[in-house]
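Structure file final.txt (compact mmCIF, C-alpha atoms and all ligand atoms) is printed below.
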```
# COMPACT_ATOMS: atom_id res chain seq x y z
CA ALA N 1 -19.71 8.08 -27.83
CA LEU N 2 -16.70 10.39 -28.03
CA ILE N 3 -15.44 11.28 -24.55
CA SER N 4 -12.48 13.24 -23.21
CA MET N 5 -9.35 11.62 -21.84
CA ARG N 6 -10.00 13.21 -18.46
CA GLN N 7 -13.41 11.54 -18.12
CA LEU N 8 -11.98 8.13 -18.95
CA LEU N 9 -8.82 8.36 -16.83
CA ASP N 10 -10.73 9.67 -13.80
CA HIS N 11 -12.91 6.56 -14.05
CA ALA N 12 -9.85 4.35 -14.51
CA ALA N 13 -8.24 5.84 -11.39
CA GLU N 14 -11.40 5.40 -9.35
CA PHE N 15 -11.65 1.73 -10.29
CA GLY N 16 -7.90 1.00 -10.47
CA TYR N 17 -7.46 -0.03 -14.08
CA GLY N 18 -5.29 1.07 -17.01
CA VAL N 19 -6.26 1.77 -20.62
CA PRO N 20 -4.14 0.80 -23.62
CA ALA N 21 -3.88 3.68 -26.12
CA PHE N 22 -3.45 2.19 -29.56
CA ASN N 23 -2.08 4.13 -32.53
CA VAL N 24 -4.27 4.09 -35.63
CA ASN N 25 -3.30 4.62 -39.24
CA ASN N 26 -5.75 2.50 -41.19
CA LEU N 27 -9.10 0.75 -41.28
CA GLU N 28 -7.73 -2.63 -40.20
CA GLN N 29 -6.21 -1.27 -36.97
CA MET N 30 -9.36 0.68 -36.16
CA ARG N 31 -11.53 -2.39 -36.73
CA ALA N 32 -9.25 -4.65 -34.66
CA ILE N 33 -9.32 -2.24 -31.72
CA MET N 34 -13.10 -1.77 -31.82
CA GLU N 35 -13.90 -5.46 -32.22
CA ALA N 36 -11.64 -6.23 -29.24
CA ALA N 37 -13.24 -3.47 -27.17
CA ASP N 38 -16.71 -4.70 -28.12
CA LYS N 39 -15.85 -8.27 -27.18
CA THR N 40 -14.35 -7.30 -23.80
CA ASP N 41 -16.65 -4.37 -23.01
CA SER N 42 -13.72 -1.93 -22.82
CA PRO N 43 -13.47 1.83 -23.26
CA VAL N 44 -11.11 2.88 -26.07
CA ILE N 45 -8.27 5.35 -26.57
CA VAL N 46 -7.14 5.67 -30.19
CA GLN N 47 -4.33 8.03 -31.04
CA ALA N 48 -3.08 9.58 -34.25
CA SER N 49 0.62 10.40 -34.61
CA ALA N 50 2.25 12.88 -36.98
CA GLY N 51 3.25 9.86 -39.06
CA ALA N 52 -0.38 8.73 -39.20
CA ARG N 53 -1.49 12.16 -40.38
CA LYS N 54 1.18 12.04 -43.06
CA TYR N 55 0.09 8.55 -44.15
CA ALA N 56 -3.70 8.78 -44.04
CA GLY N 57 -4.32 12.52 -43.78
CA ALA N 58 -6.13 14.14 -40.87
CA PRO N 59 -9.64 14.00 -42.45
CA PHE N 60 -9.40 10.25 -43.13
CA LEU N 61 -8.15 9.59 -39.60
CA ARG N 62 -10.87 11.71 -38.07
CA HIS N 63 -13.63 10.04 -40.06
CA LEU N 64 -12.17 6.59 -39.40
CA ILE N 65 -12.52 7.24 -35.69
CA LEU N 66 -15.97 8.81 -36.10
CA ALA N 67 -17.02 5.76 -38.13
CA ALA N 68 -15.94 3.58 -35.21
CA VAL N 69 -18.06 5.65 -32.85
CA GLU N 70 -21.01 5.29 -35.22
CA GLU N 71 -20.70 1.53 -35.60
CA PHE N 72 -20.04 0.93 -31.87
CA PRO N 73 -22.21 3.58 -30.16
CA HIS N 74 -22.07 1.78 -26.80
CA ILE N 75 -18.25 2.03 -26.56
CA PRO N 76 -16.72 5.23 -25.13
CA VAL N 77 -13.91 6.42 -27.41
CA VAL N 78 -11.18 9.01 -26.78
CA MET N 79 -9.82 10.56 -29.98
CA HIS N 80 -6.30 11.54 -28.97
CA GLN N 81 -3.54 13.34 -30.84
CA ASP N 82 -0.21 11.67 -30.04
CA HIS N 83 3.06 13.66 -29.61
CA GLY N 84 2.13 17.16 -30.73
CA THR N 85 5.36 19.10 -31.21
CA SER N 86 3.87 22.62 -30.98
CA PRO N 87 0.80 24.48 -29.69
CA ALA N 88 -0.19 25.17 -33.33
CA ILE N 89 -0.38 21.44 -34.09
CA CYS N 90 -2.48 20.83 -30.98
CA GLN N 91 -4.75 23.73 -31.91
CA ARG N 92 -5.41 22.20 -35.33
CA SER N 93 -6.34 18.87 -33.74
CA ILE N 94 -8.69 20.61 -31.33
CA GLN N 95 -10.35 22.34 -34.28
CA LEU N 96 -10.65 18.96 -36.04
CA GLY N 97 -12.60 17.56 -33.09
CA PHE N 98 -10.01 15.55 -31.17
CA SER N 99 -11.14 15.11 -27.55
CA SER N 100 -7.58 14.95 -26.22
CA VAL N 101 -4.14 16.14 -27.32
CA MET N 102 -0.59 15.49 -26.25
CA MET N 103 1.73 18.48 -26.13
CA ASP N 104 5.18 16.89 -26.05
CA GLY N 105 7.37 19.82 -25.08
CA SER N 106 10.12 17.53 -23.80
CA LEU N 107 11.35 17.74 -27.41
CA GLY N 108 11.51 20.70 -29.79
CA THR N 109 9.34 21.26 -32.87
CA ASP N 110 11.60 18.86 -34.81
CA GLY N 111 10.52 16.06 -32.46
CA LYS N 112 14.20 15.34 -31.74
CA THR N 113 15.92 18.05 -29.71
CA PRO N 114 15.58 17.72 -25.92
CA MET N 115 14.22 20.99 -24.49
CA ASP N 116 14.57 22.57 -21.04
CA TYR N 117 11.95 22.75 -18.31
CA ASP N 118 10.85 26.33 -18.95
CA TYR N 119 10.19 25.75 -22.65
CA ASN N 120 8.28 22.54 -21.92
CA ALA N 121 6.17 24.06 -19.14
CA GLY N 122 5.50 27.18 -21.24
CA VAL N 123 4.19 25.45 -24.38
CA THR N 124 2.27 22.89 -22.35
CA ARG N 125 0.58 25.57 -20.25
CA GLU N 126 -0.41 27.37 -23.46
CA VAL N 127 -2.05 24.21 -24.83
CA VAL N 128 -3.83 23.48 -21.53
CA LYS N 129 -5.43 26.95 -21.59
CA MET N 130 -6.59 26.51 -25.18
CA ALA N 131 -7.74 22.90 -24.81
CA HIS N 132 -9.57 23.27 -21.52
CA ALA N 133 -11.58 26.17 -22.95
CA CYS N 134 -12.89 23.60 -25.48
CA GLY N 135 -13.41 20.68 -23.09
CA VAL N 136 -10.38 18.88 -24.53
CA SER N 137 -7.87 17.05 -22.32
CA VAL N 138 -4.10 17.49 -22.40
CA GLU N 139 -1.26 15.04 -21.88
CA GLY N 140 2.21 16.47 -21.20
CA GLU N 141 5.59 14.78 -20.94
CA ILE N 142 8.43 15.33 -18.52
CA GLY N 143 11.73 13.55 -19.11
CA CYS N 144 12.89 12.00 -22.39
CA LEU N 145 12.07 8.50 -23.61
CA GLY N 146 15.19 6.47 -24.18
CA SER N 147 17.13 3.38 -23.28
CA LEU N 148 18.90 3.19 -19.90
CA GLU N 149 21.17 0.59 -21.55
CA THR N 150 22.46 2.82 -24.35
CA GLY N 151 21.11 6.32 -23.72
CA MET N 152 19.58 6.23 -27.21
CA ALA N 153 16.02 7.19 -28.04
CA GLY N 154 15.35 3.93 -29.87
CA GLU N 155 13.51 4.91 -33.01
CA GLU N 156 15.34 6.29 -36.03
CA ASP N 157 12.48 8.23 -37.56
CA GLY N 158 9.34 9.38 -35.88
CA VAL N 159 9.27 10.76 -32.39
CA GLY N 160 12.45 10.33 -30.38
CA ALA N 161 15.35 12.39 -29.11
CA GLU N 162 18.51 12.55 -31.18
CA GLY N 163 21.91 11.72 -29.76
CA VAL N 164 22.79 10.19 -26.42
CA LEU N 165 20.77 11.22 -23.39
CA ASP N 166 22.10 11.22 -19.87
CA HIS N 167 20.62 9.32 -16.98
CA SER N 168 18.89 12.37 -15.46
CA GLN N 169 16.94 12.99 -18.71
CA LEU N 170 15.98 9.32 -19.05
CA LEU N 171 14.39 9.03 -15.61
CA THR N 172 11.63 11.46 -14.70
CA ASP N 173 12.41 13.23 -11.43
CA PRO N 174 9.43 13.09 -9.00
CA GLU N 175 9.96 16.68 -7.77
CA GLU N 176 10.16 18.04 -11.30
CA ALA N 177 7.04 16.06 -12.25
CA ALA N 178 5.14 17.57 -9.34
CA GLN N 179 6.26 21.08 -10.27
CA PHE N 180 5.29 20.48 -13.92
CA VAL N 181 1.78 19.33 -13.06
CA LYS N 182 1.37 22.37 -10.81
CA ASP N 183 2.74 24.79 -13.43
CA THR N 184 0.78 23.43 -16.40
CA GLY N 185 -2.48 21.88 -15.15
CA VAL N 186 -2.15 18.83 -17.45
CA ASP N 187 -4.74 16.05 -17.18
CA ALA N 188 -2.20 13.28 -17.70
CA LEU N 189 1.57 13.08 -17.53
CA ALA N 190 3.89 10.94 -19.63
CA ILE N 191 7.02 9.91 -17.75
CA ALA N 192 10.39 8.49 -18.74
CA ILE N 193 11.38 5.20 -17.08
CA GLY N 194 13.67 3.59 -19.65
CA THR N 195 11.18 2.68 -22.38
CA SER N 196 11.59 3.86 -25.95
CA HIS N 197 9.52 3.81 -29.13
CA GLY N 198 9.79 1.03 -31.68
CA ALA N 199 10.78 -2.64 -31.59
CA TYR N 200 14.33 -2.23 -30.22
CA LYS N 201 13.79 -1.33 -26.56
CA PHE N 202 15.97 -3.79 -24.65
CA THR N 203 18.78 -6.13 -25.72
CA ARG N 204 17.73 -8.59 -22.98
CA PRO N 205 14.57 -9.28 -20.99
CA PRO N 206 14.38 -6.10 -18.89
CA THR N 207 15.25 -6.00 -15.21
CA GLY N 208 14.65 -3.17 -12.75
CA ASP N 209 17.86 -1.33 -13.67
CA ILE N 210 16.79 -0.79 -17.29
CA LEU N 211 12.98 -0.71 -16.86
CA ALA N 212 12.49 1.53 -13.84
CA ILE N 213 9.06 0.55 -12.52
CA GLY N 214 10.42 1.60 -9.10
CA GLN N 215 10.64 5.18 -10.39
CA ILE N 216 6.89 5.13 -11.09
CA LYS N 217 6.27 4.31 -7.43
CA GLU N 218 8.37 7.34 -6.40
CA ILE N 219 6.54 9.64 -8.82
CA HIS N 220 3.16 8.28 -7.72
CA LYS N 221 4.04 8.89 -4.06
CA ARG N 222 4.77 12.53 -4.88
CA ILE N 223 1.69 13.13 -7.15
CA PRO N 224 -0.85 10.43 -6.20
CA ASN N 225 -3.74 12.14 -7.99
CA CYS N 226 -2.00 12.54 -11.34
CA HIS N 227 -2.82 10.16 -14.19
CA LEU N 228 0.50 8.75 -15.42
CA VAL N 229 1.18 7.69 -19.01
CA MET N 230 3.68 5.09 -20.21
CA HIS N 231 4.95 5.53 -23.76
CA GLY N 232 6.96 2.92 -25.63
CA SER N 233 4.95 0.19 -23.94
CA SER N 234 4.77 -2.48 -26.59
CA SER N 235 5.70 -5.91 -25.29
CA VAL N 236 7.33 -7.02 -28.57
CA PRO N 237 5.82 -10.54 -28.53
CA GLN N 238 8.53 -13.14 -29.12
CA GLU N 239 6.00 -15.38 -30.89
CA TRP N 240 5.35 -12.70 -33.54
CA LEU N 241 9.10 -12.09 -34.03
CA LYS N 242 9.39 -15.82 -34.66
CA VAL N 243 6.57 -15.82 -37.23
CA ILE N 244 8.05 -12.82 -39.05
CA ASN N 245 11.52 -14.35 -39.20
CA GLU N 246 10.18 -17.80 -40.13
CA PHE N 247 8.41 -16.37 -43.18
CA GLY N 248 11.18 -14.31 -44.74
CA GLY N 249 11.52 -11.42 -42.29
CA ASP N 250 14.72 -10.29 -40.63
CA ILE N 251 14.25 -8.76 -37.20
CA GLY N 252 17.10 -9.06 -34.71
CA GLU N 253 16.88 -10.23 -31.11
CA THR N 254 15.00 -7.67 -29.07
CA TYR N 255 12.72 -7.38 -26.04
CA GLY N 256 9.84 -5.12 -25.05
CA VAL N 257 7.99 -4.19 -21.88
CA PRO N 258 6.52 -7.33 -20.28
CA VAL N 259 2.75 -7.16 -19.77
CA GLU N 260 3.18 -8.12 -16.09
CA GLU N 261 5.43 -5.08 -15.51
CA ILE N 262 2.73 -2.84 -16.98
CA VAL N 263 0.16 -4.50 -14.72
CA GLU N 264 2.43 -3.65 -11.76
CA ALA N 265 2.75 -0.05 -12.96
CA ILE N 266 -1.04 0.28 -13.14
CA LYS N 267 -1.11 -0.31 -9.36
CA PHE N 268 0.97 2.89 -9.05
CA GLY N 269 -0.99 5.44 -11.03
CA VAL N 270 -0.33 4.48 -14.65
CA ARG N 271 -3.65 4.92 -16.47
CA LYS N 272 -2.72 5.21 -20.16
CA VAL N 273 -0.38 2.75 -21.85
CA ASN N 274 0.78 3.58 -25.40
CA ILE N 275 1.02 0.67 -27.82
CA ASP N 276 1.83 0.87 -31.52
CA THR N 277 4.70 -1.50 -32.34
CA ASP N 278 2.89 -4.67 -31.14
CA LEU N 279 0.09 -4.14 -33.66
CA ARG N 280 2.65 -3.47 -36.40
CA LEU N 281 4.50 -6.70 -35.60
CA ALA N 282 1.28 -8.72 -35.49
CA SER N 283 0.05 -7.44 -38.84
CA THR N 284 3.40 -7.96 -40.52
CA GLY N 285 3.63 -11.50 -39.16
CA ALA N 286 0.07 -12.28 -40.22
CA ILE N 287 0.66 -11.04 -43.76
CA ARG N 288 3.98 -12.86 -44.14
CA ARG N 289 2.45 -16.11 -42.93
CA PHE N 290 -0.61 -15.76 -45.17
CA MET N 291 1.44 -14.90 -48.25
CA ALA N 292 3.74 -17.87 -47.73
CA ALA N 293 0.78 -20.25 -47.42
CA ASN N 294 -1.26 -18.67 -50.24
CA PRO N 295 1.13 -17.62 -52.99
CA ALA N 296 -1.62 -17.40 -55.62
CA GLU N 297 -3.85 -15.09 -53.56
CA PHE N 298 -4.06 -11.46 -54.70
CA ASP N 299 -7.19 -10.08 -53.03
CA PRO N 300 -5.92 -7.59 -50.39
CA ARG N 301 -9.03 -8.23 -48.32
CA LYS N 302 -7.87 -11.79 -47.75
CA TYR N 303 -4.54 -10.90 -46.19
CA LEU N 304 -5.70 -7.69 -44.52
CA LYS N 305 -8.39 -9.73 -42.78
CA GLU N 306 -5.57 -11.81 -41.29
CA THR N 307 -4.03 -8.64 -39.85
CA VAL N 308 -7.32 -7.65 -38.23
CA GLY N 309 -7.53 -10.99 -36.43
CA ALA N 310 -3.90 -10.88 -35.28
CA MET N 311 -4.18 -7.31 -33.98
CA ARG N 312 -7.56 -8.00 -32.35
CA ASP N 313 -6.06 -10.84 -30.29
CA ILE N 314 -3.36 -8.50 -28.93
CA CYS N 315 -5.93 -5.82 -28.10
CA ILE N 316 -8.13 -8.34 -26.29
CA ASP N 317 -5.13 -9.54 -24.30
CA ARG N 318 -4.18 -5.99 -23.22
CA TYR N 319 -7.79 -5.00 -22.35
CA GLU N 320 -8.02 -8.06 -20.12
CA ALA N 321 -4.54 -7.78 -18.54
CA PHE N 322 -4.85 -4.04 -17.75
CA GLY N 323 -8.31 -4.43 -16.18
CA THR N 324 -9.92 -2.28 -18.89
CA ALA N 325 -12.37 -5.07 -19.74
CA GLY N 326 -15.85 -4.63 -18.30
CA ASN N 327 -15.55 -0.85 -17.93
CA ALA N 328 -17.16 0.42 -21.15
O1 LIG J 1 5.05 7.93 -31.15
C1 LIG J 1 5.35 6.92 -31.75
C2 LIG J 1 4.33 6.09 -32.41
O2 LIG J 1 4.78 4.76 -32.45
C3 LIG J 1 3.96 6.64 -33.76
O3 LIG J 1 4.93 6.39 -34.72
O4 LIG J 1 5.13 8.52 -36.08
O5 LIG J 1 5.75 6.26 -37.05
O6 LIG J 1 3.37 6.87 -36.63
P1 LIG J 1 4.80 7.06 -36.20
P1 LIG J 2 5.59 1.45 -28.90
O1 LIG J 2 6.55 1.76 -30.00
O2 LIG J 2 6.25 0.72 -27.78
O3 LIG J 2 4.39 0.71 -29.38
O4 LIG J 2 5.11 2.84 -28.27
C1 LIG J 2 4.13 3.63 -28.90
C2 LIG J 2 4.01 5.02 -28.31
O5 LIG J 2 4.52 5.34 -27.26
C3 LIG J 2 3.22 5.99 -29.09
O6 LIG J 2 3.22 7.27 -28.53
NA NA J 3 0.20 10.47 -26.49
ZN ZN J 4 5.00 7.91 -27.55
```

Would you write out, as structure tokens, the structure that this file holds?
Ligand code: G3H
Ligand code: 13P
Ligand code: NA
Ligand code: ZN
Amino acid sequence: ALISMRQLLDHAAEFGYGVPAFNVNNLEQMRAIMEAADKTDSPVIVQASAGARKYAGAPFLRHLILAAVEEFPHIPVVMHQDHGTSPAICQRSIQLGFSSVMMDGSLGTDGKTPMDYDYNAGVTREVVKMAHACGVSVEGEIGCLGSLETGMAGEEDGVGAEGVLDHSQLLTDPEEAAQFVKDTGVDALAIAIGTSHGAYKFTRPPTGDILAIGQIKEIHKRIPNCHLVMHGSSSVPQEWLKVINEFGGDIGETYGVPVEEIVEAIKFGVRKVNIDTDLRLASTGAIRRFMAANPAEFDPRKYLKETVGAMRDICIDRYEAFGTAGNA
């Protein structure tokens, strides 16, 4: 059944678990996520980005998610719109039947320009009013995602601030977070702790100075009842980087957010954990490996099936590690 984000995250807080929120663009991702959830008895958050809407189109995405609900009626599913850059975009998603939307007012409508507190609180409040009237949940964001090593947002295209950010923007301030929750009434709050979107998050395995799990503890102390969201939370599995590079790929040395650090964060109020890149890496690795071993194969179902299996294994791992398993 389709449920709101609020319903799911309230349950997650009560029972102390976190929920991975996987981005979906196509049938194979949707199937991998649902098969993993079915196998581990986990509730599901699937999210559609602006890039996903551009690729698949909103109707296809919507019906892909509704098809998942139909095939797996026993699994609760949140249909979430990721990184909305304006109230108008969120309104369209609400009209389309999304049960949750993110208003990311930390950046402007271009998805790049860092905005000030008053703008962010204003647009987010507007979306909360609209969404709550329809039973739809809202995620807001305070602080800007970006690397504490370089000050850069990480991703070139897609959602991410442009230019170099300073330390105060890259680490969410607990007082400001508390004020924001009070001013807007959001159901969940995305925070900045040094993660960034995409595969290039850290140039070395992250330590506390560049992945600020300690900051989450400070924020949680200040707003213990708020559901916190971690973006840019792919772990960038070294084994998949190896497979990609072994079979003709060229991805440089890079590190993601270790699963055990996310597990630690879940003890301090993190309830939603956004993951996109890991599924991209797994499907690319699976296709490269299959193509190398089966050069005469030309049925897309053969290699796309490989991607489903590879992505499903990652989803199962995250459902189990975050304590989501058994809570459907
Ligand atoms: O927000 C970032 C997600 O990884 C989505 O990326 O806009 O390329 O689909 P995308
Ligand atoms: P990753 O790029 O780390 O998978 O993050 C995805 C995300 O935060 C989507 O909003
Ligand atoms: Na989101
Ligand atoms: Zn994000």

Taking all atoms listed in the file into account, produce a table as a Markdown table in which each residue of chain N with an atom at most 7 Å from an atom of ligand ZN 4 (chain J) appears once, together with its shortest atom pair and the distance in Å to one decimal, ordered by chain and rising number.
```
| residue | atom | partner | partner_atom | distance |
| --- | --- | --- | --- | --- |
| N:Asp82 | CA | J:ZN4 | ZN | 6.9 |
| N:His83 | CA | J:ZN4 | ZN | 6.4 |
| N:His197 | CA | J:ZN4 | ZN | 6.3 |
| N:His231 | CA | J:ZN4 | ZN | 4.5 |
| N:Gly232 | CA | J:ZN4 | ZN | 5.7 |
| N:Asn274 | CA | J:ZN4 | ZN | 6.4 |
```

Return as a PDB file with C-alpha atoms, in the coordinates of the input every polymer residue, whether protein, DNA or RNA, with at least one atom no more than 7 Å from an atom of ligand LIG 1 (chain J); count only C-alpha atoms and all ligand atoms.
```pdb
ATOM      1  CA  ASN N  23      -2.080   4.130 -32.530  1.00  0.00           C
ATOM      2  CA  SER N  49       0.620  10.400 -34.610  1.00  0.00           C
ATOM      3  CA  ALA N  50       2.250  12.880 -36.980  1.00  0.00           C
ATOM      4  CA  GLY N  51       3.250   9.860 -39.060  1.00  0.00           C
ATOM      5  CA  ALA N  52      -0.380   8.730 -39.200  1.00  0.00           C
ATOM      6  CA  ASP N  82      -0.210  11.670 -30.040  1.00  0.00           C
ATOM      7  CA  HIS N  83       3.060  13.660 -29.610  1.00  0.00           C
ATOM      8  CA  GLY N 158       9.340   9.380 -35.880  1.00  0.00           C
ATOM      9  CA  VAL N 159       9.270  10.760 -32.390  1.00  0.00           C
ATOM     10  CA  HIS N 197       9.520   3.810 -29.130  1.00  0.00           C
ATOM     11  CA  GLY N 198       9.790   1.030 -31.680  1.00  0.00           C
ATOM     12  CA  ASP N 276       1.830   0.870 -31.520  1.00  0.00           C
ATOM     13  CA  THR N 277       4.700  -1.500 -32.340  1.00  0.00           C
TER      14      THR N 277
END
```

Inset, instruction - Please write out the residues within 10 Å of ligand NA 3 (chain J) as a ChimeraX atom specification, counting only C-alpha atoms and all ligand atoms. - result: /N:21-23,45-49,80-84,100-104,138-141,188-190,229-231,272-275

Inset, instruction - Using atom CA of N:Ser42 and atom CA of N:Ala1 as the two end points, give the distance in Å to one decimal. - result: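 Atom CA of N:Ala1 lies at a distance of 12.7 Å from atom CA of N:Ser42.
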
Inset, instruction - Choose the residue, out of N:Val19, N:Ile219, N:Leu170, N:Val164, that has the smallest atom-to-atom separation from N:Glu320; count only C-alpha atoms. - result: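 Nearest to N:Glu320: N:Val19.
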
Legend entry - Using all atoms listed in the file: which of N:Ala121, N:Val136, N:Gly18, N:Gly323 has the shortest distance to N:Leu2: N:Val136

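In terms of minimum interatomic distance to ligand LIG 2 (chain J), N:Ile262 ranks closest within N:Val128, N:Ile262, N:Leu64, N:Ala212, counting only C-alpha atoms and all ligand atoms.
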
Legend entry - Between atom CA of N:Arg6 and atom CA of N:Val270, distance in Å (one decimal): 13.6 Å

Counting only C-alpha atoms, which residues of stretch 283-325 of chain N sit at most 10 Å from some atom of stretch 234-241 of chain N, and what is each one's closest atom pair with its distance in Å to one decimal, listed by chain and rising residue number, as JSON lines?
```
{"residue": "N:Ser283", "atom": "CA", "partner": "N:Trp240", "partner_atom": "CA", "distance": 9.2}
{"residue": "N:Thr284", "atom": "CA", "partner": "N:Trp240", "partner_atom": "CA", "distance": 8.7}
{"residue": "N:Gly285", "atom": "CA", "partner": "N:Trp240", "partner_atom": "CA", "distance": 6.0}
{"residue": "N:Ala286", "atom": "CA", "partner": "N:Trp240", "partner_atom": "CA", "distance": 8.5}
{"residue": "N:Ala310", "atom": "CA", "partner": "N:Trp240", "partner_atom": "CA", "distance": 9.6}
{"residue": "N:Ile314", "atom": "CA", "partner": "N:Pro237", "partner_atom": "CA", "distance": 9.4}
```

Inset, instruction - Find the residues around N:Gly194 up to 8 Å (all atoms listed in the file counted), leave out those fewer than 6 positions away in its own chain, and share them as a PyMOL selection string. - result: chain N and resi 145-148+170-171+210-212

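The environment of stretch 294-309 of chain N within 9 Å, counting only C-alpha atoms and disregarding residues fewer than 3 places along the same chain, consists of Glu28, Gln29, Met30, Arg31, Ala32, Ile33, Leu279, Ala282, Ser283, Thr284, Gly285, Ala286, Ile287, Arg288, Arg289, Phe290, Met291, Arg312, Asp313 and Ile314 of chain N.
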
Inset, instruction - Between N:Thr150, N:Ser4, N:Ser196, N:Thr184, single out the one closest to ligand LIG 2 (chain J), counting all atoms listed in the file. - result: N:Ser196

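Considering all atoms listed in the file, the residue among N:Ala161, N:Ala177, N:Tyr119, N:Thr109 positioned nearest to N:Ile142 is N:Ala177.
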
Fill-in result for stretch 52-65 of chain N, N, CA and C atoms as a PDB file, in the frame of the given file:
```pdb
ATOM      1  N   ALA N  52       0.949   9.174 -38.756  1.00  0.00           N
ATOM      2  CA  ALA N  52      -0.380   8.730 -39.200  1.00  0.00           C
ATOM      3  C   ALA N  52      -1.059   9.806 -40.027  1.00  0.00           C
ATOM      4  N   ARG N  53      -0.905  11.050 -39.611  1.00  0.00           N
ATOM      5  CA  ARG N  53      -1.490  12.160 -40.380  1.00  0.00           C
ATOM      6  C   ARG N  53      -0.839  12.265 -41.749  1.00  0.00           C
ATOM      7  N   LYS N  54       0.462  11.999 -41.790  1.00  0.00           N
ATOM      8  CA  LYS N  54       1.180  12.040 -43.060  1.00  0.00           C
ATOM      9  C   LYS N  54       0.721  10.893 -43.970  1.00  0.00           C
ATOM     10  N   TYR N  55       0.473   9.734 -43.364  1.00  0.00           N
ATOM     11  CA  TYR N  55       0.090   8.550 -44.150  1.00  0.00           C
ATOM     12  C   TYR N  55      -1.352   8.637 -44.636  1.00  0.00           C
ATOM     13  N   ALA N  56      -2.267   8.862 -43.706  1.00  0.00           N
ATOM     14  CA  ALA N  56      -3.700   8.780 -44.040  1.00  0.00           C
ATOM     15  C   ALA N  56      -4.318  10.155 -44.294  1.00  0.00           C
ATOM     16  N   GLY N  57      -3.727  11.186 -43.722  1.00  0.00           N
ATOM     17  CA  GLY N  57      -4.320  12.520 -43.780  1.00  0.00           C
ATOM     18  C   GLY N  57      -5.295  12.699 -42.624  1.00  0.00           C
ATOM     19  N   ALA N  58      -5.303  13.884 -42.051  1.00  0.00           N
ATOM     20  CA  ALA N  58      -6.130  14.140 -40.870  1.00  0.00           C
ATOM     21  C   ALA N  58      -7.629  13.870 -41.109  1.00  0.00           C
ATOM     22  N   PRO N  59      -8.207  14.264 -42.257  1.00  0.00           N
ATOM     23  CA  PRO N  59      -9.640  14.000 -42.450  1.00  0.00           C
ATOM     24  C   PRO N  59      -9.984  12.505 -42.456  1.00  0.00           C
ATOM     25  N   PHE N  60      -9.135  11.693 -43.107  1.00  0.00           N
ATOM     26  CA  PHE N  60      -9.400  10.250 -43.130  1.00  0.00           C
ATOM     27  C   PHE N  60      -9.316   9.669 -41.717  1.00  0.00           C
ATOM     28  N   LEU N  61      -8.307  10.102 -40.965  1.00  0.00           N
ATOM     29  CA  LEU N  61      -8.150   9.590 -39.600  1.00  0.00           C
ATOM     30  C   LEU N  61      -9.363   9.952 -38.752  1.00  0.00           C
ATOM     31  N   ARG N  62      -9.733  11.213 -38.847  1.00  0.00           N
ATOM     32  CA  ARG N  62     -10.870  11.710 -38.070  1.00  0.00           C
ATOM     33  C   ARG N  62     -12.137  10.913 -38.395  1.00  0.00           C
ATOM     34  N   HIS N  63     -12.403  10.731 -39.674  1.00  0.00           N
ATOM     35  CA  HIS N  63     -13.630  10.040 -40.060  1.00  0.00           C
ATOM     36  C   HIS N  63     -13.559   8.540 -39.784  1.00  0.00           C
ATOM     37  N   LEU N  64     -12.359   7.994 -39.782  1.00  0.00           N
ATOM     38  CA  LEU N  64     -12.170   6.590 -39.400  1.00  0.00           C
ATOM     39  C   LEU N  64     -12.608   6.404 -37.943  1.00  0.00           C
ATOM     40  N   ILE N  65     -12.184   7.333 -37.103  1.00  0.00           N
ATOM     41  CA  ILE N  65     -12.520   7.240 -35.690  1.00  0.00           C
ATOM     42  C   ILE N  65     -14.008   7.526 -35.486  1.00  0.00           C
TER      43      ILE N  65
END
```
